[in-house]
Amino acid sequence: MAGGCPLELQEACALRRPCNWDNISCVAELLPTRVCPTRAPPSLRSSAVGRLLTDRFAAFLLASAAACLLLSPLIVMAWRRATRHWDAARPPRKRPPLPPLCAPLAVACAASLAAFSSLAPHDVWGGCEERGVCVYHSMFCEYTRHAAAVRHPANFWSNLVYLGHALFLCLQAAADLRARTARSFALLDGIFGAVSLSHSLASFAWHGSNCTEVHFVDVALMDCVICFFPLRFGAMALASLLRRADRDVSAAAAAAYCAVCAALVRKALRLAPLYHFAFPTGRARSDLTIEEVAAIVALPALYPLPSWFAVGARRRWGSVGAMYLATFALPLGFAAQLSERWAVDLFCEPGSLWLQPTAALHVATGVTIAAAYVHVRSIQDD
(Lines give C-alpha, C1' and ligand atoms only; values in the text may rest on other atoms or scores of the structure.)
Protein backbone atom coordinates (compact mmCIF):
# COMPACT_ATOMS: atom_id res chain seq x y z
CA MET A 1 0.00 0.00 0.00
CA ALA A 2 1.14 3.54 -0.73
CA GLY A 3 -0.93 6.62 -0.06
CA GLY A 4 -3.70 4.30 1.12
CA CYS A 5 -4.28 2.88 -2.37
CA PRO A 6 -3.94 -0.70 -3.68
CA LEU A 7 -0.86 -1.10 -5.86
CA GLU A 8 -0.25 -2.95 -9.06
CA LEU A 9 2.68 -5.04 -7.87
CA GLN A 10 4.89 -4.75 -10.92
CA GLU A 11 4.51 -1.00 -11.24
CA ALA A 12 5.10 -0.49 -7.54
CA CYS A 13 7.95 -2.91 -6.95
CA ALA A 14 9.89 -3.23 -10.18
CA LEU A 15 9.53 0.33 -11.45
CA ARG A 16 8.56 2.33 -8.35
CA ARG A 17 5.52 3.71 -10.21
CA PRO A 18 2.43 2.42 -8.46
CA CYS A 19 -1.09 2.65 -9.85
CA ASN A 20 -3.62 4.62 -7.88
CA TRP A 21 -6.76 2.60 -8.49
CA ASP A 22 -9.01 5.12 -6.77
CA ASN A 23 -8.27 7.67 -9.48
CA ILE A 24 -7.48 5.14 -12.23
CA SER A 25 -4.25 6.93 -12.97
CA CYS A 26 -0.54 6.47 -12.43
CA VAL A 27 1.18 8.50 -9.77
CA ALA A 28 4.90 8.95 -9.12
CA GLU A 29 5.00 7.60 -5.57
CA LEU A 30 7.78 5.57 -4.02
CA LEU A 31 7.21 2.58 -1.84
CA PRO A 32 7.89 3.32 1.81
CA THR A 33 9.93 0.11 1.93
CA ARG A 34 12.01 -1.87 -0.51
CA VAL A 35 10.30 -5.07 0.59
CA CYS A 36 7.64 -5.95 -1.98
CA PRO A 37 4.63 -8.12 -1.17
CA THR A 38 4.81 -11.65 -2.58
CA ARG A 39 2.10 -13.05 -4.78
CA ALA A 40 -0.11 -15.70 -3.24
CA PRO A 41 -0.23 -19.09 -5.01
CA PRO A 42 -3.10 -19.32 -7.51
CA SER A 43 -6.38 -20.39 -5.92
CA LEU A 44 -10.04 -19.88 -6.68
CA ARG A 45 -10.62 -18.45 -3.20
CA SER A 46 -8.20 -15.59 -3.83
CA SER A 47 -9.40 -15.06 -7.41
CA ALA A 48 -12.09 -12.70 -8.67
CA VAL A 49 -14.76 -15.39 -8.21
CA GLY A 50 -13.68 -16.32 -4.69
CA ARG A 51 -16.35 -14.11 -3.13
CA LEU A 52 -19.00 -15.93 -5.20
CA LEU A 53 -18.06 -19.42 -4.00
CA THR A 54 -20.36 -19.25 -1.02
CA ASP A 55 -21.63 -22.85 -1.01
CA ARG A 56 -21.22 -26.26 -2.62
CA PHE A 57 -23.76 -25.49 -5.32
CA ALA A 58 -21.73 -22.51 -6.53
CA ALA A 59 -18.56 -24.61 -6.61
CA PHE A 60 -20.40 -27.41 -8.44
CA LEU A 61 -21.82 -24.95 -11.00
CA LEU A 62 -18.39 -23.49 -11.73
CA ALA A 63 -16.77 -26.94 -11.96
CA SER A 64 -19.51 -28.12 -14.33
CA ALA A 65 -19.01 -25.08 -16.55
CA ALA A 66 -15.26 -25.76 -16.69
CA ALA A 67 -15.94 -29.41 -17.57
CA CYS A 68 -18.07 -28.22 -20.50
CA LEU A 69 -14.89 -26.92 -22.15
CA LEU A 70 -13.89 -30.57 -22.62
CA LEU A 71 -17.34 -31.57 -23.81
CA SER A 72 -17.09 -30.29 -27.41
CA PRO A 73 -13.99 -32.31 -28.35
CA LEU A 74 -15.46 -35.46 -26.77
CA ILE A 75 -18.77 -35.05 -28.63
CA VAL A 76 -17.03 -34.53 -31.95
CA MET A 77 -14.79 -37.54 -31.48
CA ALA A 78 -17.73 -39.81 -30.60
CA TRP A 79 -19.87 -38.48 -33.47
CA ARG A 80 -17.05 -38.86 -35.98
CA ARG A 81 -16.44 -42.45 -34.85
CA ALA A 82 -20.10 -43.31 -35.48
CA THR A 83 -20.22 -41.70 -38.97
CA ARG A 84 -16.91 -42.60 -40.58
CA HIS A 85 -18.77 -43.74 -43.70
CA TRP A 86 -19.43 -40.10 -44.58
CA ASP A 87 -15.76 -39.72 -45.54
CA ALA A 88 -16.01 -42.31 -48.31
CA ALA A 89 -19.29 -40.93 -49.67
CA ARG A 90 -18.20 -37.27 -49.66
CA PRO A 91 -14.43 -36.81 -49.33
CA PRO A 92 -13.10 -33.40 -48.24
CA ARG A 93 -12.24 -30.67 -50.70
CA LYS A 94 -8.57 -29.89 -51.20
CA ARG A 95 -7.00 -27.37 -48.87
CA PRO A 96 -6.80 -23.85 -50.31
CA PRO A 97 -3.31 -23.30 -51.78
CA LEU A 98 -0.89 -20.88 -50.15
CA PRO A 99 -0.55 -17.73 -52.32
CA PRO A 100 3.04 -17.37 -53.65
CA LEU A 101 3.64 -14.03 -51.93
CA CYS A 102 2.21 -15.07 -48.56
CA ALA A 103 5.37 -16.43 -46.92
CA PRO A 104 7.74 -13.66 -48.15
CA LEU A 105 5.25 -10.97 -47.17
CA ALA A 106 4.77 -12.49 -43.71
CA VAL A 107 8.54 -12.56 -43.19
CA ALA A 108 8.83 -8.95 -44.35
CA CYS A 109 6.07 -7.87 -41.95
CA ALA A 110 7.73 -9.70 -39.06
CA ALA A 111 11.07 -8.09 -39.91
CA SER A 112 9.44 -4.65 -40.03
CA LEU A 113 7.89 -5.20 -36.62
CA ALA A 114 11.25 -6.38 -35.25
CA ALA A 115 12.91 -3.23 -36.62
CA PHE A 116 10.23 -1.09 -35.02
CA SER A 117 10.64 -2.90 -31.71
CA SER A 118 14.42 -2.45 -31.74
CA LEU A 119 14.83 1.03 -33.23
CA ALA A 120 11.76 3.07 -32.32
CA PRO A 121 12.07 5.36 -29.27
CA HIS A 122 10.10 4.49 -26.16
CA ASP A 123 7.89 7.58 -26.56
CA VAL A 124 6.97 6.78 -30.17
CA TRP A 125 3.31 6.52 -29.19
CA GLY A 126 3.09 10.24 -28.36
CA GLY A 127 2.34 10.10 -24.65
CA CYS A 128 -0.88 8.06 -24.68
CA GLU A 129 1.13 5.03 -23.56
CA GLU A 130 1.66 6.50 -20.09
CA ARG A 131 -1.98 7.44 -19.58
CA GLY A 132 -3.19 3.90 -20.22
CA VAL A 133 -0.86 1.91 -17.97
CA CYS A 134 -3.29 1.42 -15.11
CA VAL A 135 -6.20 0.53 -17.36
CA TYR A 136 -4.01 -2.04 -19.09
CA HIS A 137 -2.85 -3.58 -15.82
CA SER A 138 -6.40 -3.87 -14.55
CA MET A 139 -6.94 -6.30 -17.45
CA PHE A 140 -3.61 -7.97 -18.25
CA CYS A 141 -0.81 -9.54 -16.24
CA GLU A 142 2.30 -8.79 -18.33
CA TYR A 143 4.25 -5.89 -16.89
CA THR A 144 5.07 -2.74 -18.82
CA ARG A 145 8.52 -2.08 -20.31
CA HIS A 146 8.50 1.70 -20.00
CA ALA A 147 11.84 2.12 -21.77
CA ALA A 148 10.81 0.20 -24.91
CA ALA A 149 8.57 0.97 -27.87
CA VAL A 150 6.93 -2.46 -27.50
CA ARG A 151 5.75 -2.29 -23.94
CA HIS A 152 4.27 -5.81 -23.61
CA PRO A 153 6.34 -8.10 -25.85
CA ALA A 154 4.60 -11.43 -25.16
CA ASN A 155 1.12 -10.03 -25.79
CA PHE A 156 2.51 -8.09 -28.78
CA TRP A 157 4.43 -10.77 -30.66
CA SER A 158 1.76 -13.44 -30.19
CA ASN A 159 -0.34 -11.46 -32.68
CA LEU A 160 1.90 -12.76 -35.48
CA VAL A 161 -0.43 -15.76 -35.73
CA TYR A 162 -3.34 -13.43 -36.53
CA LEU A 163 -1.25 -11.47 -39.02
CA GLY A 164 -0.16 -14.58 -40.93
CA HIS A 165 -3.70 -15.81 -41.47
CA ALA A 166 -4.93 -12.32 -42.37
CA LEU A 167 -2.25 -11.98 -45.04
CA PHE A 168 -3.24 -15.36 -46.47
CA LEU A 169 -6.90 -14.33 -46.72
CA CYS A 170 -6.12 -10.94 -48.27
CA LEU A 171 -3.78 -12.41 -50.88
CA GLN A 172 -6.31 -15.12 -51.66
CA ALA A 173 -9.00 -12.45 -52.12
CA ALA A 174 -6.69 -10.54 -54.47
CA ALA A 175 -6.05 -13.70 -56.49
CA ASP A 176 -9.79 -14.42 -56.67
CA LEU A 177 -10.42 -10.87 -57.85
CA ARG A 178 -7.79 -11.12 -60.59
CA ALA A 179 -9.14 -14.47 -61.76
CA ARG A 180 -12.75 -13.27 -61.44
CA THR A 181 -13.54 -16.49 -59.62
CA ALA A 182 -17.08 -17.64 -59.01
CA ARG A 183 -16.09 -19.55 -55.85
CA SER A 184 -18.78 -19.55 -53.20
CA PHE A 185 -18.22 -17.15 -50.30
CA ALA A 186 -15.22 -15.52 -52.02
CA LEU A 187 -16.55 -12.04 -51.19
CA LEU A 188 -17.30 -12.97 -47.58
CA ASP A 189 -13.83 -14.48 -47.14
CA GLY A 190 -12.23 -11.37 -48.62
CA ILE A 191 -14.13 -9.12 -46.21
CA PHE A 192 -13.06 -11.38 -43.35
CA GLY A 193 -9.46 -11.07 -44.54
CA ALA A 194 -9.66 -7.26 -44.39
CA VAL A 195 -11.26 -7.42 -40.93
CA SER A 196 -8.62 -9.90 -39.71
CA LEU A 197 -5.78 -7.73 -40.99
CA SER A 198 -7.26 -4.66 -39.32
CA HIS A 199 -7.73 -6.59 -36.08
CA SER A 200 -4.16 -7.88 -36.05
CA LEU A 201 -2.81 -4.35 -36.54
CA ALA A 202 -5.09 -2.95 -33.83
CA SER A 203 -4.02 -5.71 -31.45
CA PHE A 204 -0.35 -5.00 -32.19
CA ALA A 205 -0.96 -1.32 -31.41
CA TRP A 206 -2.99 -1.94 -28.24
CA HIS A 207 -0.61 -4.45 -26.66
CA GLY A 208 2.47 -2.63 -27.91
CA SER A 209 1.41 0.75 -26.55
CA ASN A 210 -1.47 0.27 -24.05
CA CYS A 211 -2.92 3.45 -25.60
CA THR A 212 -6.60 3.34 -24.72
CA GLU A 213 -7.43 5.21 -27.93
CA VAL A 214 -7.00 1.97 -29.90
CA HIS A 215 -8.52 -0.33 -27.29
CA PHE A 216 -12.09 0.01 -28.54
CA VAL A 217 -10.89 -0.66 -32.11
CA ASP A 218 -9.26 -3.89 -30.97
CA VAL A 219 -12.39 -4.95 -29.06
CA ALA A 220 -14.76 -4.20 -31.96
CA LEU A 221 -12.67 -5.98 -34.59
CA MET A 222 -12.08 -8.93 -32.25
CA ASP A 223 -15.86 -9.34 -31.93
CA CYS A 224 -16.16 -9.20 -35.74
CA VAL A 225 -13.60 -11.99 -36.07
CA ILE A 226 -15.45 -14.08 -33.48
CA CYS A 227 -18.73 -13.71 -35.40
CA PHE A 228 -17.32 -14.86 -38.74
CA PHE A 229 -17.30 -18.64 -38.38
CA PRO A 230 -20.77 -19.04 -36.85
CA LEU A 231 -22.10 -16.99 -39.77
CA ARG A 232 -19.99 -18.83 -42.38
CA PHE A 233 -20.90 -22.32 -41.18
CA GLY A 234 -24.49 -21.23 -40.49
CA ALA A 235 -24.94 -19.98 -44.05
CA MET A 236 -23.68 -23.30 -45.41
CA ALA A 237 -26.00 -25.26 -43.12
CA LEU A 238 -28.92 -23.10 -44.27
CA ALA A 239 -28.05 -23.67 -47.93
CA SER A 240 -28.07 -27.43 -47.37
CA LEU A 241 -31.38 -27.37 -45.50
CA LEU A 242 -32.97 -25.28 -48.30
CA ARG A 243 -31.40 -27.60 -50.91
CA ARG A 244 -29.65 -24.66 -52.52
CA ALA A 245 -26.08 -24.27 -53.74
CA ASP A 246 -23.60 -22.37 -51.59
CA ARG A 247 -23.31 -19.58 -54.17
CA ASP A 248 -27.03 -18.88 -53.78
CA VAL A 249 -26.50 -17.66 -50.20
CA SER A 250 -22.99 -16.21 -50.58
CA ALA A 251 -23.99 -12.62 -51.29
CA ALA A 252 -26.55 -12.57 -48.47
CA ALA A 253 -23.96 -13.96 -46.05
CA ALA A 254 -21.47 -11.24 -47.02
CA ALA A 255 -24.10 -8.53 -46.53
CA ALA A 256 -25.11 -9.99 -43.16
CA TYR A 257 -21.48 -10.06 -42.01
CA CYS A 258 -21.02 -6.40 -42.96
CA ALA A 259 -24.16 -5.49 -41.04
CA VAL A 260 -23.02 -7.42 -37.95
CA CYS A 261 -19.58 -5.78 -38.01
CA ALA A 262 -21.12 -2.34 -38.44
CA ALA A 263 -23.31 -2.92 -35.38
CA LEU A 264 -20.34 -4.15 -33.32
CA VAL A 265 -18.18 -1.17 -34.28
CA ARG A 266 -21.02 1.21 -33.46
CA LYS A 267 -21.40 -0.41 -30.04
CA ALA A 268 -17.66 -0.14 -29.37
CA LEU A 269 -17.65 3.52 -30.41
CA ARG A 270 -20.40 4.19 -27.89
CA LEU A 271 -18.39 2.49 -25.13
CA ALA A 272 -15.02 3.96 -26.17
CA PRO A 273 -15.02 6.80 -23.60
CA LEU A 274 -15.34 4.24 -20.79
CA TYR A 275 -12.27 2.35 -21.99
CA HIS A 276 -10.08 5.37 -21.30
CA PHE A 277 -10.66 5.02 -17.58
CA ALA A 278 -11.52 1.44 -16.69
CA PHE A 279 -12.79 -1.92 -17.90
CA PRO A 280 -15.57 -4.08 -16.38
CA THR A 281 -13.23 -6.70 -14.96
CA GLY A 282 -14.26 -9.59 -12.74
CA ARG A 283 -13.00 -7.86 -9.60
CA ALA A 284 -14.55 -4.50 -10.51
CA ARG A 285 -18.07 -5.84 -11.10
CA SER A 286 -20.06 -5.89 -7.89
CA ASP A 287 -23.13 -7.25 -9.72
CA LEU A 288 -21.37 -10.39 -10.99
CA THR A 289 -23.14 -13.67 -10.16
CA ILE A 290 -21.86 -17.23 -10.14
CA GLU A 291 -24.45 -18.12 -12.81
CA GLU A 292 -23.03 -15.46 -15.15
CA VAL A 293 -19.49 -16.64 -14.50
CA ALA A 294 -20.50 -20.23 -15.26
CA ALA A 295 -22.18 -19.14 -18.52
CA ILE A 296 -19.06 -17.24 -19.61
CA VAL A 297 -16.81 -20.19 -18.78
CA ALA A 298 -18.98 -22.65 -20.70
CA LEU A 299 -19.56 -20.41 -23.73
CA PRO A 300 -16.72 -21.80 -25.91
CA ALA A 301 -18.40 -25.21 -25.73
CA LEU A 302 -21.26 -23.72 -27.78
CA TYR A 303 -19.08 -21.97 -30.36
CA PRO A 304 -18.61 -25.06 -32.63
CA LEU A 305 -22.37 -25.69 -32.90
CA PRO A 306 -22.81 -23.97 -36.32
CA SER A 307 -19.98 -26.09 -37.74
CA TRP A 308 -21.71 -29.21 -36.43
CA PHE A 309 -24.95 -28.14 -38.10
CA ALA A 310 -23.12 -27.66 -41.40
CA VAL A 311 -21.35 -31.04 -41.13
CA GLY A 312 -24.58 -32.83 -40.22
CA ALA A 313 -26.64 -31.13 -42.94
CA ARG A 314 -24.07 -32.09 -45.60
CA ARG A 315 -23.02 -35.47 -44.18
CA ARG A 316 -19.45 -34.49 -44.91
CA TRP A 317 -16.71 -34.25 -42.29
CA GLY A 318 -14.22 -32.49 -44.53
CA SER A 319 -10.72 -32.07 -43.16
CA VAL A 320 -10.94 -34.04 -39.92
CA GLY A 321 -7.49 -32.96 -38.74
CA ALA A 322 -8.38 -29.27 -39.13
CA MET A 323 -11.70 -29.80 -37.37
CA TYR A 324 -10.05 -31.55 -34.41
CA LEU A 325 -7.36 -28.88 -34.19
CA ALA A 326 -9.92 -26.06 -34.08
CA THR A 327 -12.10 -27.93 -31.58
CA PHE A 328 -9.22 -28.57 -29.16
CA ALA A 329 -7.33 -25.27 -29.55
CA LEU A 330 -10.23 -22.95 -28.72
CA PRO A 331 -11.00 -24.32 -25.22
CA LEU A 332 -7.30 -24.32 -24.36
CA GLY A 333 -6.89 -20.69 -25.36
CA PHE A 334 -10.06 -19.62 -23.62
CA ALA A 335 -9.10 -21.46 -20.44
CA ALA A 336 -5.80 -19.58 -20.43
CA GLN A 337 -7.56 -16.26 -21.00
CA LEU A 338 -9.99 -16.88 -18.15
CA SER A 339 -7.03 -16.86 -15.75
CA GLU A 340 -6.16 -13.31 -16.86
CA ARG A 341 -6.79 -10.29 -14.66
CA TRP A 342 -9.83 -9.02 -16.54
CA ALA A 343 -11.63 -12.32 -15.87
CA VAL A 344 -10.99 -14.71 -12.96
CA ASP A 345 -7.52 -13.31 -12.12
CA LEU A 346 -6.23 -16.75 -11.19
CA PHE A 347 -2.67 -16.84 -12.51
CA CYS A 348 -0.09 -14.12 -13.12
CA GLU A 349 3.65 -14.13 -13.82
CA PRO A 350 4.24 -10.48 -14.86
CA GLY A 351 7.81 -10.88 -16.10
CA SER A 352 7.43 -14.13 -18.06
CA LEU A 353 7.52 -14.09 -21.85
CA TRP A 354 6.12 -17.64 -22.06
CA LEU A 355 3.38 -17.78 -19.42
CA GLN A 356 1.16 -14.83 -20.34
CA PRO A 357 -2.53 -15.86 -20.49
CA THR A 358 -3.37 -13.35 -23.23
CA ALA A 359 -0.42 -14.43 -25.38
CA ALA A 360 -1.61 -18.03 -25.01
CA LEU A 361 -5.07 -16.91 -26.11
CA HIS A 362 -3.65 -15.18 -29.19
CA VAL A 363 -1.72 -18.26 -30.28
CA ALA A 364 -4.53 -20.73 -29.55
CA THR A 365 -7.25 -18.67 -31.23
CA GLY A 366 -4.97 -17.91 -34.18
CA VAL A 367 -4.52 -21.66 -34.65
CA THR A 368 -8.29 -22.07 -34.24
CA ILE A 369 -9.02 -19.50 -36.96
CA ALA A 370 -6.59 -21.08 -39.43
CA ALA A 371 -7.85 -24.61 -38.76
CA ALA A 372 -11.51 -23.59 -38.86
CA TYR A 373 -10.97 -21.88 -42.21
CA VAL A 374 -9.36 -25.00 -43.66
CA HIS A 375 -12.29 -27.01 -42.33
CA VAL A 376 -14.99 -24.71 -43.69
CA ARG A 377 -13.39 -24.72 -47.14
CA SER A 378 -13.18 -28.52 -47.08
CA ILE A 379 -16.96 -28.99 -46.77
CA GLN A 380 -18.27 -26.29 -49.12
CA ASP A 381 -19.57 -27.02 -52.61
CA ASP A 382 -16.60 -25.62 -54.58
# chains A, B, ... in the order shown; residues from 1 in each chain; ligands from 1
>>> residues_around(residues="Ala59 (chain A)", least_positions_apart="5", cutoff="12 Å", atoms="only C-alpha atoms", output="ChimeraX atom specification")
/A:44-45,49-54,64-66,290-291,293-294
>>> residues_around(residues="region 159-162 of chain A", least_positions_apart="5", cutoff="12 Å", atoms="only C-alpha atoms", output="VMD selection string")
chain A and resid 106 to 114 152 to 154 167 to 169 193 to 208 218 222 225 358 to 371
>>> residues_around(residues="Asp123 (chain A)", least_positions_apart="6", cutoff="9 Å", atoms="only C-alpha atoms", output="list in words")
Glu129, His146, Ala147, Ala148 and Ala149 of chain A
>>> residues_around(residues="Val376 (chain A)", least_positions_apart="6", cutoff="8 Å", atoms="only C-alpha atoms", output="list of chain:residue names")
A:Arg232, A:Phe233, A:Ser307, A:Gly318
>>> write_last_selection(atoms="N, CA, C and O atoms", output="PDB file, in the first residue's frame")
ATOM      1  N   ARG A 232     -20.446 -18.079 -41.189  1.00  0.00           N
ATOM      2  CA  ARG A 232     -19.994 -18.826 -42.384  1.00  0.00           C
ATOM      3  C   ARG A 232     -20.539 -20.245 -42.380  1.00  0.00           C
ATOM      4  O   ARG A 232     -21.119 -20.714 -43.370  1.00  0.00           O
ATOM      5  N   PHE A 233     -20.370 -20.959 -41.271  1.00  0.00           N
ATOM      6  CA  PHE A 233     -20.903 -22.317 -41.178  1.00  0.00           C
ATOM      7  C   PHE A 233     -22.429 -22.296 -41.190  1.00  0.00           C
ATOM      8  O   PHE A 233     -23.069 -23.180 -41.783  1.00  0.00           O
ATOM      9  N   SER A 307     -20.754 -25.179 -36.900  1.00  0.00           N
ATOM     10  CA  SER A 307     -19.979 -26.092 -37.743  1.00  0.00           C
ATOM     11  C   SER A 307     -20.558 -27.497 -37.683  1.00  0.00           C
ATOM     12  O   SER A 307     -20.567 -28.220 -38.686  1.00  0.00           O
ATOM     13  N   GLY A 318     -15.268 -33.368 -44.037  1.00  0.00           N
ATOM     14  CA  GLY A 318     -14.219 -32.490 -44.527  1.00  0.00           C
ATOM     15  C   GLY A 318     -12.871 -32.851 -43.939  1.00  0.00           C
ATOM     16  O   GLY A 318     -12.563 -34.026 -43.684  1.00  0.00           O
TER      17      GLY A 318
END
>>> closest_residue(among="A:Leu177, A:Phe277, A:His85, A:Ile75", to="Arg131 (chain A)", atoms="only C-alpha atoms")
A:Phe277
